[in-house]
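Source file: input_22.cif. Holds: mmCIF, C-alpha atoms.
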```cif
data_coords
#
loop_
_atom_site.label_atom_id
_atom_site.label_comp_id
_atom_site.auth_asym_id
_atom_site.auth_seq_id
_atom_site.Cartn_x
_atom_site.Cartn_y
_atom_site.Cartn_z
CA MET A 37 -137.63 -159.79 -200.88
CA GLU A 38 -139.11 -162.39 -203.22
CA SER A 39 -142.66 -161.11 -202.77
CA LEU A 40 -141.61 -157.64 -203.94
CA LYS A 41 -139.56 -159.12 -206.78
CA ALA A 42 -142.65 -160.89 -208.10
CA LEU A 43 -144.31 -157.47 -208.52
CA ILE A 44 -141.58 -156.16 -210.86
CA ARG A 45 -142.60 -156.48 -214.52
CA THR A 46 -139.94 -157.17 -217.14
CA VAL A 47 -140.86 -155.39 -220.39
CA PRO A 48 -139.00 -156.93 -223.34
CA ASP A 49 -137.13 -154.77 -225.86
CA PHE A 50 -137.42 -151.45 -224.00
CA PRO A 51 -135.93 -148.94 -224.57
CA LYS A 52 -134.29 -150.95 -227.36
CA ALA A 53 -134.13 -154.50 -228.73
CA GLY A 54 -132.57 -157.05 -226.40
CA ILE A 55 -133.10 -155.07 -223.19
CA GLY A 56 -135.50 -156.46 -220.61
CA PHE A 57 -136.63 -153.32 -218.78
CA LYS A 58 -137.42 -153.73 -215.09
CA ASP A 59 -140.71 -151.90 -214.62
CA ILE A 60 -141.33 -150.76 -211.04
CA THR A 61 -144.78 -149.26 -211.70
CA THR A 62 -146.44 -152.64 -211.08
CA LEU A 63 -144.92 -152.71 -207.58
CA ILE A 64 -145.41 -149.09 -206.53
CA LYS A 65 -149.08 -148.93 -207.50
CA ASN A 66 -149.64 -151.46 -204.68
CA GLY A 67 -149.76 -149.42 -201.47
CA ASP A 68 -148.61 -152.20 -199.15
CA ALA A 69 -145.76 -153.19 -201.48
CA PHE A 70 -144.64 -149.59 -201.92
CA ALA A 71 -144.57 -148.98 -198.16
CA ALA A 72 -142.73 -152.27 -197.58
CA ALA A 73 -140.14 -151.34 -200.20
CA ILE A 74 -139.54 -147.93 -198.63
CA ASP A 75 -139.33 -149.36 -195.11
CA GLU A 76 -136.94 -152.10 -196.17
CA MET A 77 -134.72 -149.73 -198.18
CA ALA A 78 -134.57 -147.38 -195.19
CA ASN A 79 -133.83 -150.21 -192.74
CA GLN A 80 -130.52 -150.90 -194.48
CA PHE A 81 -129.17 -147.59 -193.13
CA ASP A 82 -128.97 -145.76 -189.81
CA PRO A 83 -130.96 -142.50 -189.80
CA ASP A 84 -128.67 -141.10 -187.10
CA ARG A 85 -125.83 -141.19 -189.63
CA VAL A 86 -127.73 -139.44 -192.44
CA ASP A 87 -128.48 -135.72 -192.81
CA LEU A 88 -129.98 -135.56 -196.31
CA ILE A 89 -131.49 -137.94 -198.84
CA MET A 90 -130.57 -137.40 -202.49
CA GLY A 91 -132.84 -138.66 -205.27
CA ILE A 92 -131.63 -139.12 -208.82
CA GLU A 93 -134.06 -137.86 -211.51
CA ALA A 94 -136.68 -139.10 -212.10
CA ARG A 95 -137.53 -142.53 -210.65
CA GLY A 96 -135.05 -142.04 -207.83
CA PHE A 97 -137.23 -139.17 -206.58
CA ILE A 98 -140.04 -141.66 -205.86
CA PHE A 99 -138.00 -143.65 -203.35
CA ALA A 100 -135.79 -140.88 -201.96
CA SER A 101 -138.62 -138.52 -201.09
CA ALA A 102 -140.65 -141.18 -199.27
CA MET A 103 -137.53 -142.12 -197.28
CA ALA A 104 -136.86 -138.46 -196.50
CA TYR A 105 -140.42 -138.09 -195.24
CA LYS A 106 -140.19 -141.28 -193.18
CA TRP A 107 -137.02 -140.07 -191.47
CA ASN A 108 -137.85 -136.34 -191.29
CA LYS A 109 -134.77 -135.57 -193.41
CA GLY A 110 -134.26 -133.03 -196.15
CA PHE A 111 -134.55 -134.14 -199.78
CA ILE A 112 -132.15 -132.95 -202.48
CA PRO A 113 -132.60 -133.62 -206.19
CA VAL A 114 -129.83 -134.32 -208.68
CA ARG A 115 -131.13 -133.63 -212.17
CA LYS A 116 -130.48 -133.65 -215.88
CA PRO A 117 -128.86 -130.42 -217.14
CA GLY A 118 -130.99 -127.30 -217.37
CA LYS A 119 -133.71 -128.30 -214.90
CA LEU A 120 -132.42 -126.71 -211.69
CA PRO A 121 -132.99 -122.95 -211.57
CA ALA A 122 -130.24 -121.63 -209.28
CA GLN A 123 -126.45 -121.93 -209.48
CA THR A 124 -125.45 -125.51 -210.19
CA LYS A 125 -122.42 -127.76 -210.21
CA ARG A 126 -122.33 -130.04 -213.25
CA LEU A 127 -120.59 -133.35 -213.82
CA GLU A 128 -120.26 -135.11 -217.16
CA TYR A 129 -119.78 -138.86 -217.12
CA ASP A 130 -119.20 -141.56 -219.71
CA LEU A 131 -121.88 -143.88 -221.01
CA GLU A 132 -121.41 -146.92 -223.22
CA TYR A 133 -121.77 -144.58 -226.20
CA GLY A 134 -121.17 -140.88 -225.58
CA THR A 135 -121.60 -138.93 -222.35
CA ASP A 136 -124.34 -137.72 -220.07
CA ALA A 137 -124.40 -135.10 -217.31
CA LEU A 138 -125.99 -134.40 -213.93
CA GLU A 139 -126.44 -131.15 -212.05
CA ILE A 140 -126.94 -130.25 -208.42
CA HIS A 141 -127.57 -126.90 -206.77
CA LYS A 142 -124.34 -125.53 -205.30
CA ASP A 143 -126.16 -124.73 -202.05
CA ALA A 144 -127.83 -128.15 -201.75
CA ILE A 145 -125.25 -129.52 -199.34
CA GLN A 146 -123.27 -127.88 -196.55
CA PRO A 147 -119.72 -129.17 -195.99
CA GLY A 148 -119.74 -132.21 -193.72
CA GLN A 149 -123.36 -133.15 -194.30
CA ARG A 150 -123.92 -136.87 -194.75
CA VAL A 151 -125.95 -137.71 -197.83
CA LEU A 152 -127.70 -140.99 -198.62
CA VAL A 153 -127.90 -141.38 -202.42
CA ILE A 154 -130.99 -143.22 -203.70
CA ASP A 155 -132.05 -144.51 -207.10
CA ASP A 156 -134.55 -147.11 -208.21
CA LEU A 157 -132.10 -149.37 -210.03
CA LEU A 158 -128.36 -150.07 -210.14
CA ALA A 159 -127.24 -150.97 -213.65
CA THR A 160 -123.69 -150.06 -214.77
CA GLY A 161 -123.38 -147.56 -211.91
CA GLY A 162 -122.21 -144.60 -213.94
CA THR A 163 -125.04 -142.29 -212.99
CA VAL A 164 -124.95 -142.98 -209.27
CA ALA A 165 -121.14 -142.74 -209.21
CA ALA A 166 -121.48 -139.28 -210.76
CA ALA A 167 -124.10 -138.31 -208.17
CA CYS A 168 -121.73 -139.41 -205.39
CA GLN A 169 -118.91 -137.37 -206.89
CA LEU A 170 -121.13 -134.30 -206.88
CA VAL A 171 -121.88 -134.84 -203.19
CA GLU A 172 -118.15 -134.98 -202.48
CA GLN A 173 -117.33 -131.99 -204.69
CA LEU A 174 -119.69 -129.92 -202.53
CA GLY A 175 -117.90 -131.08 -199.38
CA GLY A 176 -120.51 -133.62 -198.37
CA GLU A 177 -119.98 -137.20 -197.30
CA VAL A 178 -121.74 -140.12 -199.01
CA ALA A 179 -123.50 -141.95 -196.17
CA GLY A 180 -124.42 -144.80 -198.50
CA VAL A 181 -126.06 -145.70 -201.79
CA GLY A 182 -129.38 -147.52 -201.88
CA PHE A 183 -131.44 -149.12 -204.63
CA LEU A 184 -134.65 -151.07 -204.94
CA ILE A 185 -133.21 -153.21 -207.76
CA GLU A 186 -129.70 -154.32 -208.71
CA LEU A 187 -128.83 -155.84 -212.10
CA THR A 188 -125.97 -157.89 -210.73
CA PHE A 189 -124.82 -159.08 -214.18
CA LEU A 190 -123.77 -155.50 -215.03
CA ASN A 191 -121.51 -155.29 -211.96
CA GLY A 192 -122.27 -151.66 -211.20
CA ARG A 193 -121.00 -152.28 -207.66
CA ALA A 194 -117.46 -152.15 -208.99
CA LYS A 195 -117.82 -148.37 -209.49
CA LEU A 196 -119.12 -147.88 -205.93
CA GLU A 197 -116.75 -150.00 -203.85
CA GLN A 198 -115.91 -147.20 -201.42
CA TYR A 199 -119.51 -146.80 -200.28
CA LYS A 200 -121.93 -148.77 -198.16
CA LEU A 201 -124.31 -150.17 -200.79
CA SER A 202 -127.71 -151.82 -200.44
CA SER A 203 -130.20 -153.25 -202.91
CA LEU A 204 -133.37 -155.18 -202.09
CA ILE A 205 -134.04 -157.11 -205.28
CA GLU A 206 -131.43 -158.71 -207.55
CA PHE A 207 -131.72 -159.81 -211.16
CA ASP A 208 -128.83 -161.90 -212.45
CA SER A 209 -129.82 -161.80 -216.14
CA GLU A 210 -131.98 -159.83 -218.60
CA MET B 3 -148.34 -121.47 -194.41
CA GLU B 4 -146.23 -118.32 -194.27
CA SER B 5 -143.26 -120.10 -192.69
CA LEU B 6 -143.13 -122.55 -195.58
CA LYS B 7 -143.60 -119.73 -198.09
CA ALA B 8 -140.52 -117.97 -196.73
CA LEU B 9 -138.47 -121.04 -197.68
CA ILE B 10 -139.42 -120.84 -201.37
CA ARG B 11 -136.73 -119.09 -203.41
CA THR B 12 -137.72 -117.00 -206.41
CA VAL B 13 -135.04 -117.28 -209.11
CA PRO B 14 -135.31 -114.39 -211.59
CA ASP B 15 -135.31 -114.97 -215.34
CA PHE B 16 -135.60 -118.76 -215.26
CA PRO B 17 -136.24 -120.56 -217.54
CA LYS B 18 -136.48 -117.34 -219.56
CA ALA B 19 -136.37 -113.59 -219.13
CA GLY B 20 -139.20 -112.13 -217.08
CA ILE B 21 -140.15 -115.35 -215.31
CA GLY B 22 -139.61 -115.54 -211.54
CA PHE B 23 -139.18 -119.27 -211.00
CA LYS B 24 -140.47 -120.63 -207.68
CA ASP B 25 -137.68 -122.90 -206.46
CA ILE B 26 -138.84 -125.54 -203.99
CA THR B 27 -135.38 -127.02 -203.34
CA THR B 28 -134.72 -124.52 -200.56
CA LEU B 29 -137.81 -125.78 -198.74
CA ILE B 30 -137.48 -129.52 -199.27
CA LYS B 31 -133.86 -129.70 -198.18
CA ASN B 32 -135.14 -128.76 -194.71
CA GLY B 33 -136.42 -131.98 -193.17
CA ASP B 34 -138.94 -130.38 -190.81
CA ALA B 35 -140.29 -128.13 -193.56
CA PHE B 36 -140.56 -131.00 -196.04
CA ALA B 37 -142.46 -133.17 -193.57
CA ALA B 38 -144.74 -130.25 -192.64
CA ALA B 39 -145.49 -129.60 -196.31
CA ILE B 40 -146.37 -133.25 -196.95
CA ASP B 41 -148.54 -133.47 -193.83
CA GLU B 42 -150.37 -130.27 -194.64
CA MET B 43 -150.92 -131.22 -198.31
CA ALA B 44 -152.28 -134.59 -197.19
CA ASN B 45 -154.52 -133.06 -194.52
CA GLN B 46 -156.54 -131.26 -197.21
CA PHE B 47 -157.94 -134.62 -198.35
CA ASP B 48 -159.58 -137.68 -196.80
CA PRO B 49 -157.47 -140.83 -197.19
CA ASP B 50 -160.62 -142.97 -196.97
CA ARG B 51 -161.74 -141.42 -200.27
CA VAL B 52 -158.47 -141.99 -202.13
CA ASP B 53 -157.17 -145.24 -203.65
CA LEU B 54 -154.07 -144.05 -205.53
CA ILE B 55 -151.80 -141.01 -205.59
CA MET B 56 -150.64 -139.79 -208.99
CA GLY B 57 -147.46 -137.76 -209.34
CA ILE B 58 -146.72 -135.61 -212.40
CA GLU B 59 -143.13 -135.89 -213.68
CA ALA B 60 -140.76 -134.87 -212.27
CA ARG B 61 -141.21 -132.56 -209.24
CA GLY B 62 -144.71 -133.90 -208.64
CA PHE B 63 -143.12 -137.27 -207.83
CA ILE B 64 -141.43 -135.74 -204.78
CA PHE B 65 -144.70 -134.80 -203.11
CA ALA B 66 -146.93 -137.59 -204.42
CA SER B 67 -144.67 -140.44 -203.35
CA ALA B 68 -144.22 -139.12 -199.80
CA MET B 69 -148.01 -138.75 -199.52
CA ALA B 70 -148.52 -142.27 -200.89
CA TYR B 71 -146.08 -143.60 -198.30
CA LYS B 72 -147.75 -141.63 -195.50
CA TRP B 73 -151.17 -143.05 -196.38
CA ASN B 74 -150.05 -146.53 -197.45
CA LYS B 75 -151.49 -145.91 -200.93
CA GLY B 76 -150.19 -146.92 -204.33
CA PHE B 77 -148.23 -144.39 -206.37
CA ILE B 78 -148.73 -143.96 -210.12
CA PRO B 79 -146.54 -141.79 -212.34
CA VAL B 80 -147.70 -139.73 -215.29
CA ARG B 81 -144.73 -138.99 -217.52
CA LYS B 82 -143.39 -137.27 -220.58
CA PRO B 83 -143.70 -139.40 -223.75
CA GLY B 84 -141.36 -142.35 -224.20
CA LYS B 85 -140.46 -142.86 -220.54
CA LEU B 86 -142.98 -145.52 -219.51
CA PRO B 87 -142.08 -149.00 -220.78
CA ALA B 88 -145.41 -150.83 -221.08
CA GLN B 89 -148.58 -149.99 -223.03
CA THR B 90 -149.53 -146.35 -222.52
CA LYS B 91 -152.36 -143.96 -223.09
CA ARG B 92 -151.17 -140.60 -224.38
CA LEU B 93 -152.78 -137.18 -224.27
CA GLU B 94 -151.59 -134.10 -226.13
CA TYR B 95 -152.48 -130.72 -224.71
CA ASP B 96 -152.01 -127.13 -225.74
CA LEU B 97 -149.38 -124.81 -224.33
CA GLU B 98 -149.04 -121.08 -224.89
CA TYR B 99 -146.90 -121.93 -227.92
CA GLY B 100 -147.25 -125.41 -229.38
CA THR B 101 -148.27 -128.61 -227.63
CA ASP B 102 -146.95 -131.04 -225.06
CA ALA B 103 -147.98 -134.57 -224.12
CA LEU B 104 -148.29 -136.88 -221.12
CA GLU B 105 -148.44 -140.65 -220.91
CA ILE B 106 -149.77 -143.11 -218.36
CA HIS B 107 -149.66 -146.90 -218.28
CA LYS B 108 -152.97 -148.33 -219.45
CA ASP B 109 -152.98 -150.69 -216.46
CA ALA B 110 -152.16 -147.99 -213.91
CA ILE B 111 -155.77 -147.48 -212.82
CA GLN B 112 -158.67 -149.92 -212.49
CA PRO B 113 -162.13 -148.56 -213.34
CA GLY B 114 -163.67 -146.86 -210.33
CA GLN B 115 -160.41 -146.22 -208.49
CA ARG B 116 -160.18 -142.78 -206.90
CA VAL B 117 -156.99 -140.94 -207.80
CA LEU B 118 -155.53 -137.91 -206.05
CA VAL B 119 -153.46 -135.92 -208.58
CA ILE B 120 -150.42 -134.13 -207.14
CA ASP B 121 -147.92 -131.65 -208.55
CA ASP B 122 -145.57 -129.16 -206.96
CA LEU B 123 -147.03 -126.05 -208.57
CA LEU B 124 -150.22 -124.89 -210.26
CA ALA B 125 -149.50 -122.40 -213.05
CA THR B 126 -151.81 -122.27 -216.09
CA GLY B 127 -153.22 -125.70 -215.21
CA GLY B 128 -152.79 -127.31 -218.62
CA THR B 129 -150.58 -130.14 -217.46
CA VAL B 130 -152.66 -131.14 -214.46
CA ALA B 131 -155.90 -130.88 -216.47
CA ALA B 132 -154.36 -133.34 -218.95
CA ALA B 133 -153.34 -135.67 -216.11
CA CYS B 134 -156.92 -135.60 -214.78
CA GLN B 135 -158.29 -136.40 -218.25
CA LEU B 136 -156.00 -139.42 -218.44
CA VAL B 137 -157.34 -140.65 -215.08
CA GLU B 138 -160.88 -140.35 -216.42
CA GLN B 139 -160.08 -141.95 -219.78
CA LEU B 140 -158.90 -145.03 -217.88
CA GLY B 141 -162.19 -145.15 -215.96
CA GLY B 142 -160.80 -143.66 -212.75
CA GLU B 143 -162.26 -140.86 -210.68
CA VAL B 144 -160.28 -137.74 -209.76
CA ALA B 145 -160.47 -137.58 -205.97
CA GLY B 146 -158.85 -134.15 -205.98
CA VAL B 147 -155.89 -132.13 -207.17
CA GLY B 148 -153.26 -130.90 -204.74
CA PHE B 149 -150.31 -128.53 -205.01
CA LEU B 150 -147.70 -127.06 -202.76
CA ILE B 151 -147.74 -123.74 -204.65
CA GLU B 152 -150.36 -121.88 -206.66
CA LEU B 153 -149.57 -118.95 -208.95
CA THR B 154 -152.96 -117.33 -208.51
CA PHE B 155 -152.31 -114.63 -211.13
CA LEU B 156 -152.31 -117.31 -213.86
CA ASN B 157 -155.78 -118.55 -212.83
CA GLY B 158 -155.06 -122.23 -213.45
CA ARG B 159 -158.03 -123.06 -211.23
CA ALA B 160 -160.33 -122.13 -214.09
CA LYS B 161 -159.29 -125.32 -215.92
CA LEU B 162 -159.95 -127.47 -212.84
CA GLU B 163 -163.29 -126.19 -211.59
CA GLN B 164 -164.90 -129.64 -211.44
CA TYR B 165 -162.37 -130.96 -208.92
CA LYS B 166 -161.65 -130.44 -205.26
CA LEU B 167 -158.48 -128.35 -205.37
CA SER B 168 -155.97 -127.48 -202.66
CA SER B 169 -152.77 -125.45 -202.59
CA LEU B 170 -150.75 -124.48 -199.52
CA ILE B 171 -148.80 -121.45 -200.69
CA GLU B 172 -150.06 -118.70 -203.00
CA PHE B 173 -148.11 -116.19 -205.04
CA ASP B 174 -150.16 -113.39 -206.57
CA SER B 175 -147.42 -112.00 -208.84
CA GLU B 176 -144.08 -112.98 -210.41
#
```

Entire entry expressed as structure tokens:
Amino acid sequence: MESLKALIRTVPDFPKAGIGFKDITTLIKNGDAFAAAIDEMANQFDPDRVDLIMGIEARGFIFASAMAYKWNKGFIPVRKPGKLPAQTKRLEYDLEYGTDALEIHKDAIQPGQRVLVIDDLLATGGTVAAACQLVEQLGGEVAGVGFLIELTFLNGRAKLEQYKLSSLIEFDSE
Amino acid sequence: MESLKALIRTVPDFPKAGIGFKDITTLIKNGDAFAAAIDEMANQFDPDRVDLIMGIEARGFIFASAMAYKWNKGFIPVRKPGKLPAQTKRLEYDLEYGTDALEIHKDAIQPGQRVLVIDDLLATGGTVAAACQLVEQLGGEVAGVGFLIELTFLNGRAKLEQYKLSSLIEFDSE
């Protein structure tokens, strides 16, 4: 998807020096490009093998909810701690320095439901691996993991080898 | 939309004592209900009079991006400070106690573009009024403001009188 890739803006030194941040806002403000991205992300998977679409806070919501609407599927959010109001299941996971955590509502998934996990960007894979573990801890099945962008030089795929994985746009360096 | 209203869960004492939090996750995990909510929210406005859909972080993203996809429009996020990577315009606004702030990319809107501002819930209206001001500060025009839920007892409409406003589901008490 070279034409979509050309719409991604790399912002130098965000959020810190040396990082080239992949900014999706320049793509998604273009209606045709946004719709093409959603259609192409969805086309990597079979809607007959998916019950729910999970979006990872916050940019993952943008892609997951449009896919859920396209396919007439339910949308479930996985969020930073303290944001979800009802009973939650929480998972802490390691970052390069320190830890982070995600939460999901305990009643978000019924046992056996097949959940497609969506985020905007695959970097080291820690966050999406944690989201997949939460799906499985609730008795769900991960139907696949999908991204608009993959930073291939960070090899996040290594943490997600057991899942069907799709990304539309690859960057092989900062 | 009584059938959609019945799918909203009120969680007592969240985020603090005395507040009955309107939890949308029980509605949006139902694929038919989610699609019906998006279609009905969109039907309140004329797509020929809208250029962009703005979603307010984070739950607003869920509804705004699905509407943008439905209408083949661009999506623009308005976010909490520090989240957007490129040059931003920032607006501080008053809360009951203290202040909060929103940011938008300076290049998100071209002068004259018509922006539909979407959030999940209208409470006191401070956040969405700030989002509308940011649209106007960038030279855009607010095409309307749309919500799934309105807490009518908080009278947030009073802050948004100059705009076309739509909500699908009303609650007249906690």

Check which residues satisfy the PyMOL selection byres ((chain B) within 7 of (chain A)) in the file shown, then give them as a short mmCIF file (atom, residue, chain, number, x, y, z; two decimals) with C-alpha atoms, keeping the file's coordinate frame.
```cif
data_model
loop_
_atom_site.label_atom_id
_atom_site.label_comp_id
_atom_site.auth_asym_id
_atom_site.auth_seq_id
_atom_site.Cartn_x
_atom_site.Cartn_y
_atom_site.Cartn_z
CA VAL B 13 -135.04 -117.28 -209.11
CA PHE B 16 -135.60 -118.76 -215.26
CA ASP B 25 -137.68 -122.90 -206.46
CA THR B 27 -135.38 -127.02 -203.34
CA ILE B 30 -137.48 -129.52 -199.27
CA LYS B 31 -133.86 -129.70 -198.18
CA ASN B 32 -135.14 -128.76 -194.71
CA GLY B 33 -136.42 -131.98 -193.17
CA ASP B 34 -138.94 -130.38 -190.81
CA PHE B 36 -140.56 -131.00 -196.04
CA ALA B 37 -142.46 -133.17 -193.57
CA ALA B 60 -140.76 -134.87 -212.27
CA PHE B 63 -143.12 -137.27 -207.83
CA ILE B 64 -141.43 -135.74 -204.78
CA SER B 67 -144.67 -140.44 -203.35
CA ALA B 68 -144.22 -139.12 -199.80
CA TYR B 71 -146.08 -143.60 -198.30
CA ASN B 74 -150.05 -146.53 -197.45
CA LYS B 75 -151.49 -145.91 -200.93
CA GLY B 76 -150.19 -146.92 -204.33
CA PHE B 77 -148.23 -144.39 -206.37
CA ILE B 78 -148.73 -143.96 -210.12
CA PRO B 87 -142.08 -149.00 -220.78
CA ALA B 88 -145.41 -150.83 -221.08
#
```

Evaluate the PyMOL selection byres ((chain A and resi 189) around 7) and report residues as a ChimeraX atom specification: /A:187-188,190-191,208-209

For the selection you just gave me, I'd like the residues written to a file as a PDB file, in the coordinates of the input, keeping C-alpha atoms.
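Ended up saving to part_6.pdb:
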```
ATOM      1  CA  LEU A 187    -128.830-155.840-212.100  1.00  0.00           C
ATOM      2  CA  THR A 188    -125.970-157.890-210.730  1.00  0.00           C
ATOM      3  CA  LEU A 190    -123.770-155.500-215.030  1.00  0.00           C
ATOM      4  CA  ASN A 191    -121.510-155.290-211.960  1.00  0.00           C
ATOM      5  CA  ASP A 208    -128.830-161.900-212.450  1.00  0.00           C
ATOM      6  CA  SER A 209    -129.820-161.800-216.140  1.00  0.00           C
TER       7      SER A 209
END
```

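The residues returned by the PyMOL selection byres ((chain A and resi 134-140) around 6) for this structure are Val114, Arg115, Lys116, Pro117, Thr124, Lys125, Arg126, Leu127, Glu128, Tyr129, Asp130, Leu131, Tyr133 and His141 of chain A.
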
Point-to-point distance in Å for atom CA of B:Ala44 and atom CA of B:Arg159: 19.1 Å

Coordinates-based distance that separates atom CA of B:Leu123 from atom CA of B:Ile151 (Å, one decimal):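 These atoms are spaced 4.6 Å apart.
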
Let me have the centre and edge lengths in Å, one decimal, of the box along x, y and z around every listed atom of stretch 102-118 of chain A with 6 Å of margin on each side, as lines of an AutoDock Vina configuration file.
```
center_x = -134.8
center_y = -134.7
center_z = -204.3
size_x = 23.8
size_y = 26.8
size_z = 38.1
```

Nearest residue to B:Ala132 from the set B:Leu150, B:Val52, B:Leu6, B:Leu162 (distances using all atoms listed in the file): B:Leu162

Atom pair atom CA of B:Gly148 / atom CA of A:Lys142: separation (Å):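 Atom CA of A:Lys142 lies 29.4 Å from atom CA of B:Gly148.
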